[in-house]
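Accompanying notes for the structure given below.
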Amino acid sequence: MNRLLYFILTLIFSSYGAYVFAQERSSAVAMIGRVDKAQPGILLRWAPTSSEQWLRAIRYGFRLERYTVLEDGRPMATPHVKLLGASILPRPVGEWESLADQDDHAAVIAEAIYGEDFEIQADGGALAEITAKSSALDQRFSLSLYAADHSFSAAKLAGWAWEDRDISTRDKYLYRVILLNKPEQSSDTASVYMGYQDWSAPPKPVGLAGVYGDHTATLSWNYRLLSSVYHSYVIEKSTDGRSFAALEGPGITDIAATEEGPQELVYYIDSLDNNQQTYYYRIKGITAFGDTGPYSDTIQGMGEPPFTYVPRIRRVAIDAQQQASLVWDSPSVNPHAIDHFRILQAIQDGTPYQEIGRASSADTTFVIPQTGLGNYYKVAVHARNGTVKTSQSYFYQAIDSVPPAAPIGLQGVADTSGRIHLQWTANTEPDLLGYRIYRSQHKGEVPMLLQDSVYTLSAFTDSVSLHTLNSHMYYAVAALDQRYNSSSLSEVVEIKKPDRIPPVSPLILGYDVRDGVVHLSYKASNSSDVSRHKLLRKVVGASQWDTILDYDNKKLPQDTLIDATAAAMTGYLYTIIALDDSHNQSDIIREVAIDVGAVTTKIATGFRSYVDREARTIELEWRKRSDVQTYQLYRGLNDNPPSLWKELPGDTHHIVDDTALENSRYRYGLRIIKKDGSQGKLEWLDVKY
């Protein structure tokens with residue numbers, strides 16, 4: 001009995017109190033089941049849920065029934081009923097001796113059921129307080145159920161467990177356990193529905209973590225997540241990460257569980273022999289069937305000596321840029337024991353301090369904001385073991401000649417009504433007074449102050465005229481503190497105004513029709529925001545203009561536009577328009593009427609070319625003719641339209657182009673002007689050089 005008493009004392013103190021069966025208290029009996037895959041069968045566990053029902057169970061026992069609901073995977077019209085136990089009671093005390101000699105849990109249950117005096121006596125202290133709060137019956141009930149959860153064999157002897165090996169792996173069963181009573185009184189039941197196919201591997205415990213202090217390790221893990229599977233846990237410890245040994249005492253469980261359920265985390269404090277040794281921990285859960293699941297991940301850590309360092313602010317240092325820095329004592333402990341420093345500030349000592357920044361464990365200085373106001377400061381050190389220690393307060397007031405930082409993040413947008421909405425990132429200086437807004441109408445121009453007013457918001461709306469010629473507005477912002485120290489200007493933001501002004505109209509200056517090709521000399525629009533020019537044409541008398549040529553402004557020919565698509569013997573109206581990057585279109589201020597006459601026939605010239613890459617020239621030649629007055633030569637580079645290049649005497653039949661550029665494409669044209677005034681049709685040559 002001395003061994004049993006020692007086990008009960010260890011159980012109480014190691015578990016921090018009596019174990020409570022984790023089931024709903026609204027029922028007199030609770031039941032769970034588990035599939036045994038190694039030796040096919042279904043294991044059942046049940047228990048009364050109060051000390052009163054426990055006493056009733058010992059006196060009257062349980063009845064266990066099995067209903068076959070699915071047979072070979074198919075529902076049965078009438079479930080087959082099998083009586084597994086008519087009156088399951090605790091086995092006689094003589095049958096407990098053999099198991100109790102080997103299993104302390106069996107000894108606890110036997111003593112709780114058959115012992116004459118279970119109440120534990122002690123001379124004061126924690127044990128006396130525990131026993132004063134618990135009756136002998138409550139102790140028998142709670143400790144016997146706790147022990148049964150750790151020994152399935154003992155639970156069977158107590159009449160609280162059953163092994164059903166006569167099962168089919170394809171059937172499913174409803175098991176019902178009935179807590180018996182006097183014949184004239186009603187009975188209470190509990191049930192589970194399961195089959196062999198419901199087997200699943202026990203889960204791995206999660207969330208194991210450790211916090212290490214001076215010769216201590218505080219372990220914690222997620223108890224609530226797997227509380228329906230594991231009622232307690234075994235903790236194992238190692239000094240090499242390979243050989244583990246379980247900590248002495250019964251399994252660790254949640255003693256603070258309520259009717260709403262267990263706590264999320266449970267904690268265990270272990271003592272460490274020294275702070276220089278690395279210790280390894282892992283846990284495994286214990287089910288109500290007395291078996292264990294897989295191990296958790298292994299964690300490791302070392303003890304840490306007491307953290308005694310308290311920072312002391314020594315002075316405020318001013319550097320060459322007039323920046324003030326708090327300076328505190330160097331740590332008197334291992335720097336690795338420090339996680340970080342927090343810098344705290346308050347306007348008055350005794351009022352709440354606010355964090356204004358952090359410093360690393362290696363720092364002993366911190367640049368404090370220049371507010372121009374007197375403030376109190378503290379430095380708090382945060383140790384890696386969770387310890388926090390704070391310095392005494394230190395007062396500092398700077399001579400405020402330092403302006404705020406220039407505002408950043410300035411941006412704006414203009415709406416169609418001419419209102420420009422500005423916003424920027426608010427300054428964080430505690431003595432900030434507000435902002436001043438500056439504006440200019442041209443890039444590079446010195447911005448002018450809009451008004452003397454100080455704006456307290458980090459946003460501003462301005463109104464501008466849409467009828468002025470400048471296409472953009474330029475804004476900058478300066479911050480002002482309570483001493484009227486002004487920051488430098490922010491970066492200037494350029495904002496495009498809504499463009500309602502069409503570009504200046506281009507003009508057709510003159511024209512020439514040669515061999516059915518219309519050549520138009522023109523003057524382009526000189527507006528700075530023009531993006532395209534279009535040549536428009538319509539037959540005389542028509543109402544709709546057709547776009548003949550559409551040029552991006554970067555590829556616009558310099559002097560002449562050529563329309564080679566005009567039909568012979570047709571009268572046309574031509575005009576030219578410009579479009580800006582806001583899609584505004586210039587007005588049509590001049591239309592030119594042109595009659596395209598008959599086109600002369602082609603006159604064979606034998607026009608050909610020769611590329612001399614060594615001399616870097618292109619040679620052009622044609623046949624000699626006696627009836628030619630003049631030769632007209634046209635040339636175009638790459639995608640640019642050809643234009644008149646040379647006019648040569650009639651006795652010429654050869655020319656060398658020594659201005660050609662490598663890796664370019666040239667288009668040459670040759671026209672004959674005869675001595676009688678008639679002219680031939682243009683002949684074209686395409687040359688790759």
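Residues in the structure tokens are named by chain (A, B, ... in the order shown) and by number from 1 within that chain; ligands are numbered from 1 in the order shown.
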- Message: At a cut-off of 9 Å, using only C-alpha atoms, what residues contact stretch 355-370 of chain A? Leave out same-chain residues fewer than 4 positions from it and give the result as a PyMOL selection string.
- Response: chain A and resi 317+323-331+335-345+381-382+398-404+429-431
Mind dumping a table of every stretch 389-455 of chain A residue within 10 Å of stretch 497-504 of chain A, with the nearest atom pair and its distance in Å to one decimal, using only C-alpha atoms, sorted by chain and rising number, as a Markdown table?
| residue | atom | partner | partner_atom | distance |
| --- | --- | --- | --- | --- |
| A:Val413 | CA | A:Lys497 | CA | 8.7 |
| A:Ala414 | CA | A:Lys497 | CA | 6.1 |
| A:Asp415 | CA | A:Pro498 | CA | 7.0 |
| A:Thr416 | CA | A:Pro498 | CA | 5.8 |
| A:Ser417 | CA | A:Pro498 | CA | 8.1 |
| A:Gly418 | CA | A:Pro498 | CA | 6.9 |
| A:Arg419 | CA | A:Lys497 | CA | 9.1 |
| A:Ile420 | CA | A:Lys497 | CA | 8.4 |
Those residues you just picked out, can you put them in a file as an mmCIF file, in the first residue's frame with C-alpha atoms?
data_model
loop_
_atom_site.group_PDB
_atom_site.id
_atom_site.type_symbol
_atom_site.label_atom_id
_atom_site.label_comp_id
_atom_site.auth_asym_id
_atom_site.auth_seq_id
_atom_site.Cartn_x
_atom_site.Cartn_y
_atom_site.Cartn_z
ATOM 1 C CA VAL A 413 -4.559 65.676 -60.586
ATOM 2 C CA ALA A 414 -6.605 68.204 -62.556
ATOM 3 C CA ASP A 415 -10.305 67.756 -63.254
ATOM 4 C CA THR A 416 -12.176 69.000 -66.314
ATOM 5 C CA SER A 417 -13.385 72.155 -64.543
ATOM 6 C CA GLY A 418 -9.878 73.476 -63.933
ATOM 7 C CA ARG A 419 -9.604 72.469 -60.267
ATOM 8 C CA ILE A 420 -6.261 70.929 -59.297
#
- atom CA of A:Ser521 to atom CA of A:Glu621, straight-line distance in Å: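 Computed distance, atom CA of A:Glu621 to atom CA of A:Ser521, equals 29.2 Å.
The shortest atom-to-atom distance to A:Ser490, with only C-alpha atoms taken into account, belongs to A:Ile437 out of A:Leu509, A:Ile437, A:Ile252, A:Leu682.
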- Task: Could you check how far atom CA of A:Ser586 sits from atom CA of A:Lys538, in Å to one decimal?
- Result: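 So the answer is 18.0 Å.
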- Message: Taking only C-alpha atoms into account, name the residue in A:Thr78, A:Ser440, A:Asn526, A:Gln102 that is nearest to A:Leu507.
- Response: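 Ranked by minimum distance to A:Leu507, first place goes to A:Asn526.
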Within stretch 499-565 of chain A, find each residue whose DSSP state, derived from the backbone, is strand (DSSP E), and express the selection as an mmCIF file with C-alpha atoms, in the first residue's frame.
data_model
loop_
_atom_site.group_PDB
_atom_site.id
_atom_site.type_symbol
_atom_site.label_atom_id
_atom_site.label_comp_id
_atom_site.auth_asym_id
_atom_site.auth_seq_id
_atom_site.Cartn_x
_atom_site.Cartn_y
_atom_site.Cartn_z
ATOM 1 C CA LEU A 507 -1.408 75.719 -94.030
ATOM 2 C CA ILE A 508 -1.094 74.495 -97.640
ATOM 3 C CA LEU A 509 1.213 77.067 -99.265
ATOM 4 C CA GLY A 510 1.149 75.832 -102.869
ATOM 5 C CA TYR A 511 0.882 72.800 -105.103
ATOM 6 C CA ASP A 512 2.156 71.193 -108.269
ATOM 7 C CA VAL A 513 0.659 68.344 -110.306
ATOM 8 C CA ARG A 514 3.223 66.286 -112.172
ATOM 9 C CA VAL A 517 0.998 63.119 -108.676
ATOM 10 C CA VAL A 518 -0.038 66.048 -106.462
ATOM 11 C CA HIS A 519 2.819 67.799 -104.647
ATOM 12 C CA LEU A 520 1.718 70.095 -101.825
ATOM 13 C CA SER A 521 4.052 72.507 -100.100
ATOM 14 C CA TYR A 522 2.853 73.292 -96.575
ATOM 15 C CA LYS A 523 3.622 74.874 -93.215
ATOM 16 C CA VAL A 530 0.892 68.552 -81.687
ATOM 17 C CA SER A 531 1.099 64.778 -82.109
ATOM 18 C CA ARG A 532 -0.190 64.198 -85.689
ATOM 19 C CA HIS A 533 -0.835 65.913 -89.045
ATOM 20 C CA LYS A 534 -3.449 64.693 -91.516
ATOM 21 C CA LEU A 535 -3.879 65.538 -95.231
ATOM 22 C CA LEU A 536 -7.584 65.550 -96.111
ATOM 23 C CA ARG A 537 -9.105 65.344 -99.591
ATOM 24 C CA LYS A 538 -12.556 65.288 -101.130
ATOM 25 C CA VAL A 539 -13.964 65.444 -104.614
ATOM 26 C CA ASP A 546 -11.184 61.528 -96.626
ATOM 27 C CA THR A 547 -7.851 61.113 -94.832
ATOM 28 C CA ILE A 548 -5.184 60.637 -97.502
ATOM 29 C CA LEU A 549 -2.025 60.908 -95.375
ATOM 30 C CA ASP A 550 -1.717 60.503 -91.570
ATOM 31 C CA TYR A 551 1.706 61.294 -90.127
ATOM 32 C CA ASP A 552 3.030 60.973 -86.606
ATOM 33 C CA THR A 560 6.185 68.637 -99.213
ATOM 34 C CA LEU A 561 3.314 66.182 -99.008
ATOM 35 C CA ILE A 562 2.754 63.936 -102.028
ATOM 36 C CA ASP A 563 -0.596 62.426 -103.017
#
- Minimum-distance residue to A:Ala383, chosen among A:Val310, A:Leu174, A:Leu648, A:Leu457 (using only C-alpha atoms):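 Among A:Val310, A:Leu174, A:Leu648, A:Leu457, it is A:Val310 that comes nearest to A:Ala383.
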- Item | For atom CA of A:Met473 and atom CA of A:Asp580, the interatomic separation in Å (one decimal) | 18.0 Å
- Task: Apply DSSP to the structure's backbone, then extract all residues of stretch 39-68 of chain A labelled helix (DSSP H, G or I) and return them as a ChimeraX atom specification.
- Result: /A:51-60
- Task: Mind checking which residues fall within 10 Å of A:Phe152, counting only C-alpha atoms, ignoring those fewer than 4 positions away in the same chain, and posting them as an NGL selection string?
- Result: :A and (43-45 or 105-106 or 147-148 or 156-158 or 160-163 or 287-291)
- Would you kindly return, as a ChimeraX atom specification, each protein, DNA or RNA residue with an atom no farther than 10 Å from any atom of A:Ile42, considering only C-alpha atoms and excluding same-chain residues fewer than 2 positions away? /A:33-37,39-40,44,162-167,173,194-196,199
- Message: I'd like the contact shell of stretch 240-244 of chain A - 9 Å cut-off, only C-alpha atoms, skipping same-chain residues fewer than 5 positions apart - returned as a list of chain:residue names.
- Response: A:Thr278, A:Tyr279, A:Tyr280, A:Tyr281, A:Arg282, A:Thr298, A:Gln300
- Message: So, with only C-alpha atoms as the atoms that count, which of A:Ser296, A:Asn638, A:Asn385, A:Thr189 lies closest to A:Gly213?
- Response: A:Asn385
- Item | Top pick for closest residue to A:Ser87, considering A:Asn181, A:Thr390, A:Thr617, A:Thr425 and counting only C-alpha atoms |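 Once distances to A:Ser87 are computed over only C-alpha atoms, the minimum belongs to A:Asn181.
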